[in-house]
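Everything on this sheet refers to the single structure shown next.
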Amino acid sequence: MKATCWYGACDVRVETVPDPKILNPRDAIVKISSTAICGSDLHLYNGHIPSMAAGDILGHEFMGQIVEVGSAVKNLKVGDRVVVPFPIACGNCYFCKEELYSLCENSNPNAWMAEKLWGHSPCGIFGYSHLTGGYAGGQAEYARVPFADVGPLKIENALTDEQVLFLSDILPTGWMAAENCNIKAGDTVAVWGCGPVGQFAIKSAFLLGAERVIAIDRFPERLRMARDQGGAEVMNYEQVNVLDALKDMTGGRGPDACIDAVAMEAHSHGVMGAYDKVKQLTRLESDRPAALRQAIMACRNGGIVSIPGVYGGFVDKFPLGSLMNRSLTIKTGQTHVHRYMRPLLERIERGEIDPGFVITHRMRLDDAPQGYAMLRNKEHDCIKVVLKP
Amino acid sequence: MEDSMQESQQGLPPSLRGSNRAEPRVVRSGRRSANDGGGNGTQPERLASSVADSLKNIDEKRLAQALGWFRVALGVAEVMAPRQLGKAIGFDRHPGFMRAVGLREIASGIGIITQPQQPERLWSRVAGDAVDLALLGVAINSGRSHRGRLVAATAAVAGVAALDIYCNRQLSRHGASGSDSGSQQPLRERVTVTASPEECYRLWRNVESFPRFMRYVESVQETGGGQSHWRVKAPGGTTVEWDSKITADETNRMLAWESLPGAAIDNRGCVRFEPAPGGRGTIVSVEMSYAPPAGRTGTIAAKLTGEEPQQRVHDDLRRFKQLIETGEIPTTEGQPAGRRGAVLSLLWKRRVE
């Protein structure tokens with residue numbers, strides 16, 4: 001089969017590799033009909049997530065048809081159309097039972113590696129470095145899905161791939177980011193980063209009852225989408241002082257909740273921007289937390305900072321004093337996708353959200369390398385790339 | 001049954017008895033006496049031994065502390081008054097250099113004072129002494145300094161170095177840290193399993209099922225009378241075999257084992273099954289001690305090749321949990337990948353799936 005393989009920083013290739021096989025009784029094999037490049041794939045593409053190996057198959061947003069099931073999978077049959085959640089979860093352990101699926105204790109075969117870097121291990125994730133299991137990903141023609149009796153969501157209606165594909169990651173991720181804000185009537189939520197997760201966080205915040213959502217980015221096409229599709233007030237951080245502007249817009253108090261949908265490769269200006277760039281390049285810090293710093297400083301006293309953006313290792317100049325003295329709460333985590341798939345599917349069915357609006361480019365799987373480069377460089381107003389095997 | 005169990009536990013070291021929850025202790029065998037090895041040691045070691053005779057009554061830890069403070073004081077003097085000190089030892093041409101040496105002295109001294117239990121700190125002092133001696137040697141031969149004073153200074157440094165070596169050896173022997181070859185290496189691992197103690201005990205009592213979750217165990221065969229025969233993968237693609245017997249068996253609570261005399265890897269241990277608080281399953285704890293085949297060297301070699309026993313037991317316990325909770329052991333062995341480089345595939349085979 002053809003698969004998108006990682007070979008180093010800014011080097012992905014579509015290669016011919018062996019087809020996946022059933023390895024465990026609870027596995028299934030999916031023939032992929034649609035798959036996408038995630039903003040978080042760019043952290044791998046840019047070489048900032050440790051423990052990638054040449055030849056690793058990328059991709060954690062995919063859906064398709066079941067073509068084979070293991071002996072212990074009873075709820076799926078060949079021919080079923082499914083969306084696969086990006087975290088791999090067993091459904092049996094303490095955390096799965098608490099619906100904290102991305103903390104599954106059993107699904108990461110390389111838990112020892114994550115324990116060394118992070119203290120404890122989270123779940124395994126498709127195509128997202130050996131720290132989270134080294135599972136072959138879904139930017140391919142086929143994928144093996146472990147614990148297939150727990151994860152994949154059956155789609156039994158006429159919704160198109162583009163309407164349901166993002167249940168695999170970014171729609172639940174934007175939703176959980178907003179849910180973590182504990183939104184009450186009258187609340188103002190500020191969202192850093194208007195990529196697909198930011199767009200869905202804006203939508204979700206309104207659906208969860210936010211009075212106002214303020215979106216921050218620097219790319220006009222992304223700000224336009226946040227305004228036109230999401231109904232957010234928008235702010236270009238290259239043109240205004242974000243902290244001052246947010247104070248102005250919120251009666252001097254600051255947003256009730258702040259969402260960092262930018263993550264570990266935040267772009268920023270000035271001395272701190274250069275500082276982070278140098279430290280990351282020299283491996284003295286693994287992540288550039290510019291957006292997170294700003295989100296913390298901007299948040300109102302006693303507010304919530306929600307972090308759906310992916311961080312990998314260690315950051316520098318973290319404003320812990322601001323966090324502590326002003327009673328802020330941080331809520332974060334890889335998304336517990338399994339928990340949100342069904343309720344969000346129902347919202348899609350009811351027409352409350354049509355997630356397809358974030359797609360700007362549709363390409364063949366063979367063109368994945370161009371898709372990566374385009375998304376990385378924000379060429380052609382690229383926001384979301386969907387690949388068709 | 002109960003009685004015979006209690007009896008069989010008598011043979012276990014205290015830390016491995018069923019009812020005892022004390023921290024495991026290092027069981028030392030073959031510890032050498034404080035003065036052996038002095039006769040065939042190196043030159044500084046012989047000097048150290050003779051100094052040692054006159055220092056019999058000094059507590060090594062206090063000696064280490066004193067040496068640490070001495071080093072700090074010397075360092076401060078070197079930093080604050082490099083010229084005067086240089087004159088005193090007959091080497092006053094490079095005050096900047098003297099200051100640098102002083103800073104190293106202070107750092108080394110503080111290290112010893114704050115962490116006297118770590119022989120590495122003391123060995124760093126010995127290394128520092130060696131550097132000093134080398135530098136003094138260069139200065140003596142350069143002919144541009146006061147040779148008599150330099151020789152005196154060299155003798156003083158050599159004396160301090162001898163004290164350092166003596167102190168360090170004593171601390172290492174008396175178990176401040178590290179261990180001698182031939183000792184039993186203790187280890188302790190635990191995991192919380194979402195299952196009842198009964199289920200956990202049942203899987204562990206069935207020794208022939210061990211290869212399902214113990215990665216390096218090829219086979220275990222029950223040979224009757226609570227005894228079993230083990231075949232285990234060893235570093236370098238070899239296998240080792242031994243016989244083992246169950247020495248204590250409390251249904252649903254604990255199991256203890258011990259290898260029979262003549263085992264390739266002498267080992268003993270116990271596994272306990274205790275209900276986790278709040279009905280959150282079972283805490284499975286393994287305590288074991290083993291004599292690595294090649295003593296301390298073997299342990300280091302195992303660490304370097306990524307086959308350290310502590311990590312093995314840790315990973316095996318996780319696999320035990322995975323097997324009980326999910327009915328399978330998650331893996332990626334056999335999944336597709338793009339072409340990997342030759343070196344990478346070798347490394348990857350060893351530990352990464």
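Ordering of the structure tokens sets the chain letters (A, B, ...), residue numbers begin anew at 1 in every chain, and ligands are numbered from 1 in the order given.
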For chain B versus chain A, which residues have an atom no more than 7 Å away, and what is each residue's nearest atom pair and distance in Å rounded to one decimal, using only C-alpha atoms, chain-then-number order, as a tab-separated table?
```
residue	atom	partner	partner_atom	distance
B:Thr194	CA	A:Cys93	CA	6.0
B:Gln322	CA	A:Asn106	CA	5.6
B:Glu325	CA	A:Asn92	CA	5.9
B:Thr326	CA	A:Asn92	CA	6.2
B:Glu328	CA	A:Asn24	CA	6.8
B:Pro330	CA	A:Pro109	CA	5.9
B:Thr331	CA	A:Pro109	CA	5.7
B:Thr332	CA	A:Tyr135	CA	6.2
B:Gln335	CA	A:Pro20	CA	5.7
B:Pro336	CA	A:Pro18	CA	5.4
B:Ala337	CA	A:Gly55	CA	5.4
B:Gly338	CA	A:Gly55	CA	3.8
B:Arg339	CA	A:Gly55	CA	5.3
B:Arg340	CA	A:Gly55	CA	5.2
B:Val352	CA	A:Asn110	CA	6.7
B:Glu353	CA	A:Gly134	CA	6.8
```
(request) Identify, on the basis of only C-alpha atoms, every residue whose closest approach to segment 231-233 of chain A does not exceed 10 Å; exclude the query and any residue fewer than 3 positions from it along the same chain; express the result as an MDAnalysis selection string. (result) chainID A and resid 189:191 199 202:203 206 212:216 223:228 249
Written file, previous selection with N, CA and C atoms, as a tab-separated table (two decimals), in the first residue's frame:
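This went into result16.tsv:
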```
chain	number	residue	atom	x	y	z
A	189	VAL	N	-14.58	34.59	25.90
A	189	VAL	CA	-13.50	33.62	25.71
A	189	VAL	C	-12.56	34.15	24.63
A	190	ALA	N	-11.26	34.15	24.91
A	190	ALA	CA	-10.29	34.55	23.90
A	190	ALA	C	-9.58	33.31	23.37
A	191	VAL	N	-9.42	33.23	22.05
A	191	VAL	CA	-8.80	32.06	21.43
A	191	VAL	C	-7.56	32.49	20.65
A	199	GLN	N	-10.76	27.32	15.19
A	199	GLN	CA	-12.08	27.57	14.57
A	199	GLN	C	-13.17	26.77	15.29
A	202	ILE	N	-13.91	28.15	18.75
A	202	ILE	CA	-14.78	29.33	18.69
A	202	ILE	C	-16.24	28.89	18.59
A	203	LYS	N	-16.51	28.01	17.63
A	203	LYS	CA	-17.87	27.48	17.44
A	203	LYS	C	-18.39	26.86	18.74
A	206	PHE	N	-19.33	29.25	21.59
A	206	PHE	CA	-20.67	29.84	21.42
A	206	PHE	C	-21.74	28.82	21.75
A	212	ARG	N	-19.23	36.31	24.21
A	212	ARG	CA	-18.34	36.83	23.16
A	212	ARG	C	-17.15	35.90	23.01
A	213	VAL	N	-16.65	35.79	21.77
A	213	VAL	CA	-15.39	35.08	21.55
A	213	VAL	C	-14.48	36.02	20.76
A	214	ILE	N	-13.25	36.17	21.27
A	214	ILE	CA	-12.27	37.02	20.59
A	214	ILE	C	-11.17	36.13	20.04
A	215	ALA	N	-10.93	36.22	18.73
A	215	ALA	CA	-9.97	35.34	18.09
A	215	ALA	C	-8.71	36.11	17.71
A	216	ILE	N	-7.55	35.49	17.95
A	216	ILE	CA	-6.27	36.16	17.73
A	216	ILE	C	-5.41	35.35	16.77
A	223	LEU	N	-8.31	34.81	10.18
A	223	LEU	CA	-9.13	35.75	10.95
A	223	LEU	C	-10.50	35.93	10.26
A	224	ARG	N	-10.45	35.96	8.93
A	224	ARG	CA	-11.71	36.11	8.18
A	224	ARG	C	-12.63	34.93	8.46
A	225	MET	N	-12.06	33.71	8.45
A	225	MET	CA	-12.87	32.52	8.70
A	225	MET	C	-13.45	32.56	10.12
A	226	ALA	N	-12.63	33.01	11.08
A	226	ALA	CA	-13.11	33.08	12.47
A	226	ALA	C	-14.28	34.07	12.59
A	227	ARG	N	-14.18	35.13	11.84
A	227	ARG	CA	-15.23	36.16	11.91
A	227	ARG	C	-16.48	35.69	11.16
A	228	ASP	N	-16.28	35.24	9.91
A	228	ASP	CA	-17.43	34.93	9.06
A	228	ASP	C	-18.11	33.62	9.43
A	249	MET	N	-11.28	45.61	25.49
A	249	MET	CA	-12.52	44.98	25.04
A	249	MET	C	-13.30	44.34	26.17
```
(request) Could you pull out the residues in segment 43-140 of chain A that DSSP calls helix (DSSP H, G or I) from the backbone, as a ChimeraX atom specification? (result) /A:43-45,94-97,101-103,111-118,130-132
Output N, CA and C atoms for every residue in the selection just made, as a tab-separated table (two decimals), in the first residue's frame.
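Output saved as out27.tsv:
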```tsv
chain	number	residue	atom	x	y	z
A	43	HIS	N	4.39	19.74	13.90
A	43	HIS	CA	5.45	19.65	14.92
A	43	HIS	C	6.38	18.48	14.59
A	44	LEU	N	5.79	17.39	14.07
A	44	LEU	CA	6.61	16.25	13.63
A	44	LEU	C	7.38	16.64	12.38
A	45	TYR	N	6.66	17.28	11.44
A	45	TYR	CA	7.25	17.68	10.16
A	45	TYR	C	8.44	18.60	10.40
A	94	TYR	N	-8.50	1.91	34.47
A	94	TYR	CA	-9.08	2.91	35.37
A	94	TYR	C	-9.43	4.20	34.62
A	95	PHE	N	-8.49	4.68	33.80
A	95	PHE	CA	-8.71	5.97	33.13
A	95	PHE	C	-9.77	5.87	32.04
A	96	CYS	N	-9.77	4.77	31.31
A	96	CYS	CA	-10.82	4.60	30.30
A	96	CYS	C	-12.19	4.57	30.97
A	97	LYS	N	-12.26	3.89	32.12
A	97	LYS	CA	-13.55	3.82	32.82
A	97	LYS	C	-13.98	5.18	33.33
A	101	TYR	N	-9.94	8.92	28.14
A	101	TYR	CA	-9.40	7.94	27.19
A	101	TYR	C	-7.96	8.22	26.77
A	102	SER	N	-7.58	9.49	26.69
A	102	SER	CA	-6.22	9.77	26.23
A	102	SER	C	-5.20	9.45	27.31
A	103	LEU	N	-5.67	9.02	28.46
A	103	LEU	CA	-4.75	8.61	29.53
A	103	LEU	C	-4.74	7.10	29.71
A	111	ALA	N	5.57	2.76	26.74
A	111	ALA	CA	5.30	3.57	27.94
A	111	ALA	C	6.59	3.93	28.67
A	112	TRP	N	7.55	3.01	28.66
A	112	TRP	CA	8.81	3.27	29.38
A	112	TRP	C	9.47	4.54	28.87
A	113	MET	N	9.32	4.79	27.57
A	113	MET	CA	9.96	5.95	26.97
A	113	MET	C	9.27	7.23	27.45
A	114	ALA	N	7.95	7.22	27.42
A	114	ALA	CA	7.19	8.38	27.88
A	114	ALA	C	7.43	8.62	29.36
A	115	GLU	N	7.55	7.53	30.13
A	115	GLU	CA	7.79	7.68	31.57
A	115	GLU	C	9.10	8.40	31.83
A	116	LYS	N	10.08	8.16	30.99
A	116	LYS	CA	11.38	8.81	31.19
A	116	LYS	C	11.29	10.31	30.91
A	117	LEU	N	10.51	10.69	29.89
A	117	LEU	CA	10.42	12.11	29.53
A	117	LEU	C	9.37	12.85	30.34
A	118	TRP	N	8.21	12.19	30.59
A	118	TRP	CA	7.07	12.88	31.19
A	118	TRP	C	6.70	12.39	32.59
A	130	HIS	N	7.42	7.69	18.64
A	130	HIS	CA	7.52	6.46	19.43
A	130	HIS	C	7.23	6.69	20.90
A	131	LEU	N	7.27	7.95	21.33
A	131	LEU	CA	6.88	8.25	22.71
A	131	LEU	C	5.44	7.83	22.98
A	132	THR	N	4.60	7.96	21.98
A	132	THR	CA	3.20	7.57	22.16
A	132	THR	C	2.91	6.28	21.39
```
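The coordinates place atom CA of Pro369 of chain A at 7.7 Å from atom CA of Asp11 of chain A.
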(request) Could you check how far atom CA of His120 of chain A sits from atom CA of Val191 of chain B, in Å to one decimal? (result) 12.3 Å
(message) Quick check, in Å to one decimal: how far apart do atom CA of Leu320 of chain A and atom CA of Asp248 of chain A lie?
(response)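 The value is 24.1 Å.
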